[in-house]
Amino acid sequence: MVNQENVCTDFESEAIVATKDGWRVQEFVAADTVADFAARARDDLSLSEYQQDAEWLSIDRARPCDGVLAIAERTDTKIVSVLVARVAKTVFEYPIVGSFRFRKRLRQITVHQGPVTIRSPRSDALNAGMAALAAQLNDGAIVYLSAVPQDSDLAKILSACQGSIRRYFFVLPWGRQNSHFKIRWDGSVDAYMASLDSKTKRKNVRRAAQRIKSAFNIRVERFRSGNEAEQFLQDSAIVAVKTYQSRELGLGIDSNAGRMALIRSAASKGAFLGYIMYADNMPIAFRYGFIYGTTLFAVGTGYDPEWSIHGPGSALFLEALYDLQNLNLKIRLIDFMPHENSFKQDRANEVVKTQNYYLFARTLRGFSLFLPIYVLENAKRMAQAFNSRLRNFPPQEKLRVSGNEQ
């Protein structure tokens, strides 16, 4: 795998501005400098995902020195296409053999869920936007495309052996295809239950809530406004410090200043929705998300591992759905966000196949970064395919392949 360690080095404090074939490229570091651009993009493009919003992305950053790259195509009166990405200095590390590693400090541009932010009636807008993105790699930077939907136009041009995108990038698919789980939501828990594809899944959704509520003094609180968000952060931290994400990975809500800032910002706009489950007034589970357009992005969840046998996370999920039904918000989709797990799989009624990609500049420097990883990744895939075929051979055929037949 690639381990990425954020390295905070000095960025420019002001917006960096350039142009490429009619596309305006701006790199923002301070959150206040990105607000005007983001407001204009929201008005002109009716953005549907919070990770497409430059202001939201600027607030939700792991380190103060991380930046936001905005590539926009403009007419005289409006923005007609935009691509937004996160920019961070990282240590790009790839294990090769034993303790020997390919290690390079560089700038990584991360585009979440593919550049779905590009909006234009012109068929060449996607290619033009990617060309403008490629122009930002002249310092040896790389691009990471996270969770590109495999039915998207971008996936089609990435998969093509030839095409305009191949003029700008060396393309490396990263890992296997994944499933991005979602819920189509019409405001009714009963309708949602009926949409699940098996009776077992429906029972699993209900069982945990019934069991824990019958055995303990349970209550669930909703948090939305600014003052409520502060209480949510305080009480959820009691749970978060006990979770694997916080203890082992340092990724808990309690250790992410950018995520806490985004919760506060979203709450001030009425776009935060958080829940905490209490047992005898002690918080034991939380979940939260952001409302953007008609989508609820279910961003984070956690529970006290000492309560795991009682399924507090599953119980809280159902309680949150019932509350969502009563709130009567204009939500049509609940997005579980990329990354697979069995919880999401059992509760989703819609699945989108996705693939991650690394893009390297089609330059000598980009090729020197791309080639060793490309060779090793393909060697791994060939070895895995061979081992898979070997496992499927009849016993006698396995002996022949291994050369041990007597």
# chains A, B, ... in the order shown; residues from 1 in each chain; ligands from 1
>>> residues_around(residues="region 372-375 of chain A", least_positions_apart="4", cutoff="9 Å", atoms="only C-alpha atoms", output="list in words")
Tyr94, Ile96, Phe102, Leu172, Phe367, Ser368, Ala379 and Lys380 of chain A
>>> write_last_selection(atoms="C-alpha atoms", output="tab-separated table (two decimals), in the first residue's frame")
chain	number	residue	atom	x	y	z
A	94	TYR	CA	5.57	2.38	-1.33
A	96	ILE	CA	9.03	-2.87	-2.34
A	102	PHE	CA	10.22	3.72	-2.55
A	172	LEU	CA	-2.45	3.79	-12.58
A	367	PHE	CA	7.53	8.69	-15.62
A	368	SER	CA	10.30	8.14	-13.05
A	379	ALA	CA	3.74	-8.07	-10.86
A	380	LYS	CA	1.54	-8.36	-7.79
>>> residues_around(residues="Arg42 (chain A)", least_positions_apart="5", cutoff="12 Å", atoms="only C-alpha atoms", output="ChimeraX atom specification")
/A:35-37,47-50,52-56,78-82,117,119,292-293
>>> residues_around(residues="Ser308 (chain A)", least_positions_apart="2", cutoff="12 Å", atoms="only C-alpha atoms", output="PyMOL selection string")
chain A and resi 208+212+242-243+284-285+302-306+310-315
>>> write_last_selection(atoms="C-alpha atoms", output="PDB file, in the first residue's frame")
ATOM      1  CA  ALA A 208     -30.417  -4.278  17.635  1.00  0.00           C
ATOM      2  CA  ILE A 212     -30.856  -2.564  23.566  1.00  0.00           C
ATOM      3  CA  LYS A 242     -12.339   4.739  22.886  1.00  0.00           C
ATOM      4  CA  THR A 243     -12.729   3.816  19.220  1.00  0.00           C
ATOM      5  CA  ILE A 284     -22.208   5.150  24.176  1.00  0.00           C
ATOM      6  CA  ALA A 285     -22.589   5.825  20.427  1.00  0.00           C
ATOM      7  CA  GLY A 302     -18.533   5.456  16.499  1.00  0.00           C
ATOM      8  CA  TYR A 303     -19.503   3.473  19.574  1.00  0.00           C
ATOM      9  CA  ASP A 304     -18.012   2.424  22.886  1.00  0.00           C
ATOM     10  CA  PRO A 305     -16.397  -0.996  22.234  1.00  0.00           C
ATOM     11  CA  GLU A 306     -17.492  -2.197  25.692  1.00  0.00           C
ATOM     12  CA  HIS A 310     -25.475  -4.817  22.326  1.00  0.00           C
ATOM     13  CA  GLY A 311     -25.140  -3.221  18.866  1.00  0.00           C
ATOM     14  CA  PRO A 312     -25.458   0.455  19.831  1.00  0.00           C
ATOM     15  CA  GLY A 313     -24.301   1.663  16.411  1.00  0.00           C
ATOM     16  CA  SER A 314     -26.968  -0.350  14.601  1.00  0.00           C
ATOM     17  CA  ALA A 315     -29.628   0.732  17.092  1.00  0.00           C
TER      18      ALA A 315
END
>>> atom_distance(atom1="CA of Pro283 (chain A)", atom2="CA of Arg63 (chain A)")
28.4 Å
>>> select_by_dssp(residues="region 93-213 of chain A", states="strand (DSSP E or B)", output="MDAnalysis selection string")
chainID A and resid 93:97 100:112 142:149 169:184
>>> residues_around(residues="Ala237 (chain A)", least_positions_apart="3", cutoff="12 Å", atoms="only C-alpha atoms", output="short mmCIF file (atom, residue, chain, number, x, y, z; two decimals) with C-alpha atoms, in the first residue's frame")
data_model
loop_
_atom_site.label_atom_id
_atom_site.label_comp_id
_atom_site.auth_asym_id
_atom_site.auth_seq_id
_atom_site.Cartn_x
_atom_site.Cartn_y
_atom_site.Cartn_z
CA GLU A 230 -20.78 22.15 20.79
CA GLN A 231 -22.59 19.71 23.05
CA PHE A 232 -22.33 17.05 20.35
CA LEU A 233 -18.58 17.54 20.06
CA GLN A 234 -18.16 17.36 23.83
CA ALA A 240 -14.51 8.76 20.13
CA VAL A 241 -11.40 8.40 22.29
CA LYS A 242 -12.34 4.74 22.89
CA THR A 243 -12.73 3.82 19.22
CA SER A 246 -8.89 7.28 17.44
CA GLY A 252 -11.18 10.02 15.36
CA ILE A 253 -13.44 13.05 15.39
CA ASP A 254 -11.69 14.09 18.63
CA SER A 255 -8.30 14.40 16.89
CA ASN A 256 -9.39 16.12 13.66
CA MET A 260 -14.62 19.76 14.14
CA ILE A 276 -25.84 10.51 20.32
CA MET A 282 -23.55 8.17 29.54
CA PRO A 283 -22.82 8.54 25.79
CA ILE A 284 -22.21 5.15 24.18
CA ALA A 285 -22.59 5.83 20.43
CA PHE A 286 -22.71 8.71 17.98
CA ARG A 287 -23.23 9.33 14.31
CA THR A 301 -19.98 7.12 13.42
CA GLY A 302 -18.53 5.46 16.50
CA TYR A 303 -19.50 3.47 19.57
CA ASP A 304 -18.01 2.42 22.89
#
>>> residues_around(residues="Phe343 (chain A)", least_positions_apart="3", cutoff="10 Å", atoms="only C-alpha atoms", output="number ranges by chain")
A: 181, 204-205, 313-314, 336, 340, 346-348
>>> residues_around(residues="Thr354 (chain A)", least_positions_apart="5", cutoff="7 Å", atoms="only C-alpha atoms", output="ChimeraX atom specification")
/A:147-150,177-180
>>> decode(residues="region 264-320 of chain A", atoms="C-alpha atoms", output="PDB file, in the first residue's frame")
ATOM      1  CA  ARG A 264     -19.381  23.967  13.644  1.00  0.00           C
ATOM      2  CA  SER A 265     -19.616  25.670  10.242  1.00  0.00           C
ATOM      3  CA  ALA A 266     -22.311  23.304   8.962  1.00  0.00           C
ATOM      4  CA  ALA A 267     -24.305  23.720  12.182  1.00  0.00           C
ATOM      5  CA  SER A 268     -24.269  27.497  11.739  1.00  0.00           C
ATOM      6  CA  LYS A 269     -25.881  26.950   8.308  1.00  0.00           C
ATOM      7  CA  GLY A 270     -28.447  24.385   9.512  1.00  0.00           C
ATOM      8  CA  ALA A 271     -26.600  21.715   7.533  1.00  0.00           C
ATOM      9  CA  PHE A 272     -25.393  19.525  10.412  1.00  0.00           C
ATOM     10  CA  LEU A 273     -27.272  16.500  11.729  1.00  0.00           C
ATOM     11  CA  GLY A 274     -25.819  14.583  14.665  1.00  0.00           C
ATOM     12  CA  TYR A 275     -27.131  11.945  17.066  1.00  0.00           C
ATOM     13  CA  ILE A 276     -25.845  10.511  20.324  1.00  0.00           C
ATOM     14  CA  MET A 277     -27.176   7.479  22.166  1.00  0.00           C
ATOM     15  CA  TYR A 278     -26.978   7.588  25.956  1.00  0.00           C
ATOM     16  CA  ALA A 279     -27.280   4.715  28.432  1.00  0.00           C
ATOM     17  CA  ASP A 280     -28.069   6.035  31.925  1.00  0.00           C
ATOM     18  CA  ASN A 281     -26.941   9.469  30.686  1.00  0.00           C
ATOM     19  CA  MET A 282     -23.547   8.170  29.543  1.00  0.00           C
ATOM     20  CA  PRO A 283     -22.823   8.545  25.791  1.00  0.00           C
ATOM     21  CA  ILE A 284     -22.208   5.150  24.176  1.00  0.00           C
ATOM     22  CA  ALA A 285     -22.589   5.825  20.427  1.00  0.00           C
ATOM     23  CA  PHE A 286     -22.708   8.707  17.982  1.00  0.00           C
ATOM     24  CA  ARG A 287     -23.235   9.329  14.307  1.00  0.00           C
ATOM     25  CA  TYR A 288     -23.280  12.532  12.292  1.00  0.00           C
ATOM     26  CA  GLY A 289     -23.543  13.848   8.776  1.00  0.00           C
ATOM     27  CA  PHE A 290     -23.877  16.924   6.613  1.00  0.00           C
ATOM     28  CA  ILE A 291     -26.907  17.976   4.602  1.00  0.00           C
ATOM     29  CA  TYR A 292     -25.892  19.363   1.236  1.00  0.00           C
ATOM     30  CA  GLY A 293     -28.574  19.878  -1.399  1.00  0.00           C
ATOM     31  CA  THR A 294     -30.915  16.889  -1.151  1.00  0.00           C
ATOM     32  CA  THR A 295     -28.255  14.512   0.186  1.00  0.00           C
ATOM     33  CA  LEU A 296     -27.377  13.572   3.749  1.00  0.00           C
ATOM     34  CA  PHE A 297     -23.713  12.594   3.796  1.00  0.00           C
ATOM     35  CA  ALA A 298     -23.322  10.096   6.650  1.00  0.00           C
ATOM     36  CA  VAL A 299     -19.732  11.030   7.391  1.00  0.00           C
ATOM     37  CA  GLY A 300     -18.897   9.626  10.807  1.00  0.00           C
ATOM     38  CA  THR A 301     -19.981   7.121  13.422  1.00  0.00           C
ATOM     39  CA  GLY A 302     -18.533   5.456  16.499  1.00  0.00           C
ATOM     40  CA  TYR A 303     -19.503   3.473  19.574  1.00  0.00           C
ATOM     41  CA  ASP A 304     -18.012   2.424  22.886  1.00  0.00           C
ATOM     42  CA  PRO A 305     -16.397  -0.996  22.234  1.00  0.00           C
ATOM     43  CA  GLU A 306     -17.492  -2.197  25.692  1.00  0.00           C
ATOM     44  CA  TRP A 307     -21.070  -1.983  24.400  1.00  0.00           C
ATOM     45  CA  SER A 308     -20.399  -3.737  21.093  1.00  0.00           C
ATOM     46  CA  ILE A 309     -22.299  -6.911  22.060  1.00  0.00           C
ATOM     47  CA  HIS A 310     -25.475  -4.817  22.326  1.00  0.00           C
ATOM     48  CA  GLY A 311     -25.140  -3.221  18.866  1.00  0.00           C
ATOM     49  CA  PRO A 312     -25.458   0.455  19.831  1.00  0.00           C
ATOM     50  CA  GLY A 313     -24.301   1.663  16.411  1.00  0.00           C
ATOM     51  CA  SER A 314     -26.968  -0.350  14.601  1.00  0.00           C
ATOM     52  CA  ALA A 315     -29.628   0.732  17.092  1.00  0.00           C
ATOM     53  CA  LEU A 316     -28.696   4.397  16.724  1.00  0.00           C
ATOM     54  CA  PHE A 317     -28.865   4.130  12.937  1.00  0.00           C
ATOM     55  CA  LEU A 318     -32.526   3.073  13.043  1.00  0.00           C
ATOM     56  CA  GLU A 319     -33.423   5.668  15.662  1.00  0.00           C
ATOM     57  CA  ALA A 320     -31.849   8.340  13.448  1.00  0.00           C
TER      58      ALA A 320
END
